[in-house]
Structure formats: C-alpha cells, structure tokens
Amino acid sequence: METAYVNTPLGMARIEGDENGIAVVSILNNEEETAELVPEILEDAVYQLREYFEGKRTDFDLPLNPEGTDFQKKVWKELAEIPYGKTMSYLELSKKLGDIKAIRAVAAANGRNPLWIVVPCHRVIGSDGSLTGYAGGLWRKKWLLEHENPSPQQSLF
C-alpha cells in the first residue's frame with residue numbers, strides 16, 4: 001500500500017492505495033507536519049483531488065478499493081451517485097437503498113466512508129436541511145458544500 005500526502009484548502013489529505021485502487025482518502029485533523037509526497041501509483045488521485053479544489057473537477061475517475069462490509073460498500077456506491085452541487089438527506093438515501101428503517105445503519109456507513117470527497121458523504125444532510133455530523137468537522141462539510149454550489153445570493157447553510 002502506497003501513501004501520498006497533499007495540501008488542500010482544508011488541511012493535509014492522505015491518500016492510500018495500490019495497483020487495485022484507492023483504499024483511503026482522508027483529511028488529517030491534527031497539525032502534524034507532513035511533507036507533500038506522491039508515489040507514482042497515486043499521481044492521478046492527487047491530480048484529480050487538486051482539480052476538485054481548483055473548481056475544475058466535479059467527479060472522480062479513479063479505481064476504488066475501499067475496505068468495508070457489503071452493506072457499507074452498497075451505501076458508498078449510492079453516495080457516489082449524488083451529483084456535484086446537490087445534497088440528499090439520510091432518509092432519502094435510505095429510501096434509495098430500499099429500506100427506510102435502515103436510516104441509522106445508513107448514517108453509520110456514511111460516517112465510516114474511507115474515501116473523503118471522492119465518495120461524497122459530505123453531500124448528505126439532515127431531513128430538515130441542516131448540517132449533521134461529519135468526521136472532518138462541520139466547518140469542512142460547510143466549506144465543501146459551498147465550494148460545490150457557490151451562490152452569491154445566499155449560503156446553503
């Protein structure tokens with residue numbers, strides 16, 4: 001497994017993957033000093049992440065290989081279908097997955113998404129339109145949603 005570090009407007013991101021695909025994209029929450037380092041096998045992932053933050057990319061075209069249960073992978077696959085600049089509630093996501101009663105399990109799988117931004121769990125909000133828990137911090141979720149839907153008239157949140 002190779003690891004790359006890349007600076008983003010939201011802090012240092014870590015990307016892990018190998019010839020089978022990208023397994024992890026995460027944001028480091030602490031202020032540890034990490035040099036930006038990019039192994040050849042992760043160059044495309046770093047390039048696409050940079051394009052996203054530059055506003056030049058709205059979706060990712062990377063081989064993915066996250067570790068998780070079948071249910072988690074099903075949720076993450078559905079998350080990847082949420083269009084750039086759009087949001088969906090946990091309830092709507094549960095309905096799309098075919099089981100409205102699975103809302104807590106869906107939320108838990110969303111929270112365990114190992115592919116920050118690439119699988120856009122930040123696009124899932126509360127049924128009332130509110131920002132809800134986000135592993136990277138609600139300020140990052142707000143930033144990402146506003147980055148994807150910049151509106152000079154009003155903020156989404």
# chains A, B, ... in the order shown; residues from 1 in each chain; ligands from 1
$ select_by_dssp --residues "range 5-155 of chain A" --states "alpha helix (DSSP H)" --output "MDAnalysis selection string"
chainID A and resid 43:53 70:79 90:96 103:111 138:148
$ residues_around --residues "Glu148 in chain A" --least-positions-apart "6" --cutoff "12 Å" --atoms "only C-alpha atoms" --output "PyMOL selection string"
chain A and resi 52-59+83-87+117+120+122-123+141-142+155-156
$ residues_around --residues "Leu64 in chain A" --least-positions-apart "4" --cutoff "8 Å" --atoms "only C-alpha atoms" --output "list of chain:residue names"
A:Asn20, A:Gly21, A:Ile22, A:Ala23
$ closest_residue --among "A:Leu145, A:Ile100, A:Val24, A:Leu42" --to "Ser130 in chain A" --atoms "only C-alpha atoms"
A:Leu145
$ residues_around --residues "Glu36 in chain A" --least-positions-apart "6" --cutoff "7 Å" --atoms "only C-alpha atoms" --output "list of chain:residue names"
A:Tyr5, A:Val6, A:Asn7
$ write_last_selection --atoms "N, CA, C and O atoms" --output "JSON list (two decimals), in the first residue's frame"
[["chain", "number", "residue", "atom", "x", "y", "z"],
["A", 5, "TYR", "N", 0.64, 12.36, 0.42],
["A", 5, "TYR", "CA", 0.13, 13.48, 1.20],
["A", 5, "TYR", "C", 0.03, 14.68, 0.28],
["A", 5, "TYR", "O", 0.93, 14.94, -0.52],
["A", 6, "VAL", "N", -1.08, 15.42, 0.38],
["A", 6, "VAL", "CA", -1.27, 16.58, -0.49],
["A", 6, "VAL", "C", -1.96, 17.68, 0.31],
["A", 6, "VAL", "O", -2.91, 17.44, 1.05],
["A", 7, "ASN", "N", -1.47, 18.89, 0.16],
["A", 7, "ASN", "CA", -2.09, 20.04, 0.81],
["A", 7, "ASN", "C", -3.38, 20.39, 0.10],
["A", 7, "ASN", "O", -3.45, 20.39, -1.13]]
$ atom_distance --atom1 "CA of Val118 in chain A" --atom2 "CA of Trp143 in chain A"
15.4 Å
$ residues_around --residues "Val119 in chain A" --least-positions-apart "2" --cutoff "7 Å" --atoms "only C-alpha atoms" --output "PyMOL selection string"
chain A and resi 76+79-80+115-117+121
$ select_by_dssp --residues "range 12-81 of chain A" --states "strand (DSSP E)" --output "number ranges by chain"
A: 12-18, 21-27
$ write_last_selection --atoms "N, CA, C and O atoms" --output "CSV table (one decimal), in the first residue's frame"
chain,number,residue,atom,x,y,z
A,12,MET,N,-4.1,19.0,5.3
A,12,MET,CA,-3.3,18.0,4.6
A,12,MET,C,-4.2,16.7,4.5
A,12,MET,O,-4.8,16.2,5.4
A,13,ALA,N,-4.3,16.2,3.2
A,13,ALA,CA,-5.0,15.0,2.9
A,13,ALA,C,-4.0,13.8,2.8
A,13,ALA,O,-2.9,14.0,2.3
A,14,ARG,N,-4.4,12.7,3.1
A,14,ARG,CA,-3.7,11.4,3.0
A,14,ARG,C,-4.4,10.5,2.0
A,14,ARG,O,-5.6,10.3,2.2
A,15,ILE,N,-3.7,10.0,1.0
A,15,ILE,CA,-4.3,9.1,0.0
A,15,ILE,C,-3.5,7.8,0.1
A,15,ILE,O,-2.3,7.8,0.1
A,16,GLU,N,-4.2,6.7,0.3
A,16,GLU,CA,-3.6,5.4,0.3
A,16,GLU,C,-4.2,4.5,-0.8
A,16,GLU,O,-5.4,4.5,-1.0
A,17,GLY,N,-3.3,3.7,-1.4
A,17,GLY,CA,-3.8,2.8,-2.5
A,17,GLY,C,-2.7,2.0,-3.0
A,17,GLY,O,-1.5,2.2,-2.7
A,18,ASP,N,-3.1,1.1,-4.0
A,18,ASP,CA,-2.1,0.3,-4.6
A,18,ASP,C,-2.6,0.0,-6.0
A,18,ASP,O,-3.6,0.7,-6.5
A,21,GLY,N,-6.4,-0.1,-6.6
A,21,GLY,CA,-7.2,1.1,-6.5
A,21,GLY,C,-7.0,1.9,-5.2
A,21,GLY,O,-6.1,1.5,-4.4
A,22,ILE,N,-7.7,2.9,-5.1
A,22,ILE,CA,-7.6,3.8,-3.9
A,22,ILE,C,-8.4,3.2,-2.8
A,22,ILE,O,-9.6,2.9,-2.9
A,23,ALA,N,-7.8,3.1,-1.6
A,23,ALA,CA,-8.4,2.5,-0.5
A,23,ALA,C,-8.9,3.5,0.5
A,23,ALA,O,-9.9,3.4,1.2
A,24,VAL,N,-8.1,4.6,0.7
A,24,VAL,CA,-8.4,5.7,1.7
A,24,VAL,C,-8.0,7.0,1.1
A,24,VAL,O,-7.0,7.2,0.5
A,25,VAL,N,-8.9,8.0,1.3
A,25,VAL,CA,-8.6,9.4,1.2
A,25,VAL,C,-9.2,10.0,2.4
A,25,VAL,O,-10.4,9.9,2.7
A,26,SER,N,-8.3,10.6,3.2
A,26,SER,CA,-8.7,11.2,4.5
A,26,SER,C,-8.0,12.6,4.7
A,26,SER,O,-7.0,12.9,4.1
A,27,ILE,N,-8.6,13.3,5.6
A,27,ILE,CA,-8.1,14.6,6.0
A,27,ILE,C,-7.5,14.5,7.3
A,27,ILE,O,-8.1,13.8,8.2
$ residues_around --residues "Thr69 in chain A" --least-positions-apart "3" --cutoff "12 Å" --atoms "only C-alpha atoms" --output "list in words"
Pro66, Gln72, Lys73, Lys74, Val75, Trp76, Ala105, Ala108, Ala109, Arg112 and Asn113 of chain A
$ write_last_selection --atoms "C-alpha atoms" --output "PDB file, in the first residue's frame"
ATOM      1  CA  PRO A  66     -12.118   0.613  -0.014  1.00  0.00           C
ATOM      2  CA  GLN A  72     -21.137  -0.213   3.689  1.00  0.00           C
ATOM      3  CA  LYS A  73     -19.970  -0.634   0.101  1.00  0.00           C
ATOM      4  CA  LYS A  74     -23.590  -0.511  -1.072  1.00  0.00           C
ATOM      5  CA  VAL A  75     -24.089   2.787   0.803  1.00  0.00           C
ATOM      6  CA  TRP A  76     -20.803   4.221  -0.511  1.00  0.00           C
ATOM      7  CA  ALA A 105     -27.218   1.915   9.619  1.00  0.00           C
ATOM      8  CA  ALA A 108     -23.228   4.817  10.343  1.00  0.00           C
ATOM      9  CA  ALA A 109     -21.932   3.555   6.982  1.00  0.00           C
ATOM     10  CA  ARG A 112     -17.256   5.229   8.011  1.00  0.00           C
ATOM     11  CA  ASN A 113     -16.692   6.274   4.402  1.00  0.00           C
TER      12      ASN A 113
END
$ closest_residue --among "A:Pro39, A:Asp44, A:Gly126, A:Leu28" --to "Ala4 in chain A" --atoms "only C-alpha atoms"
A:Pro39
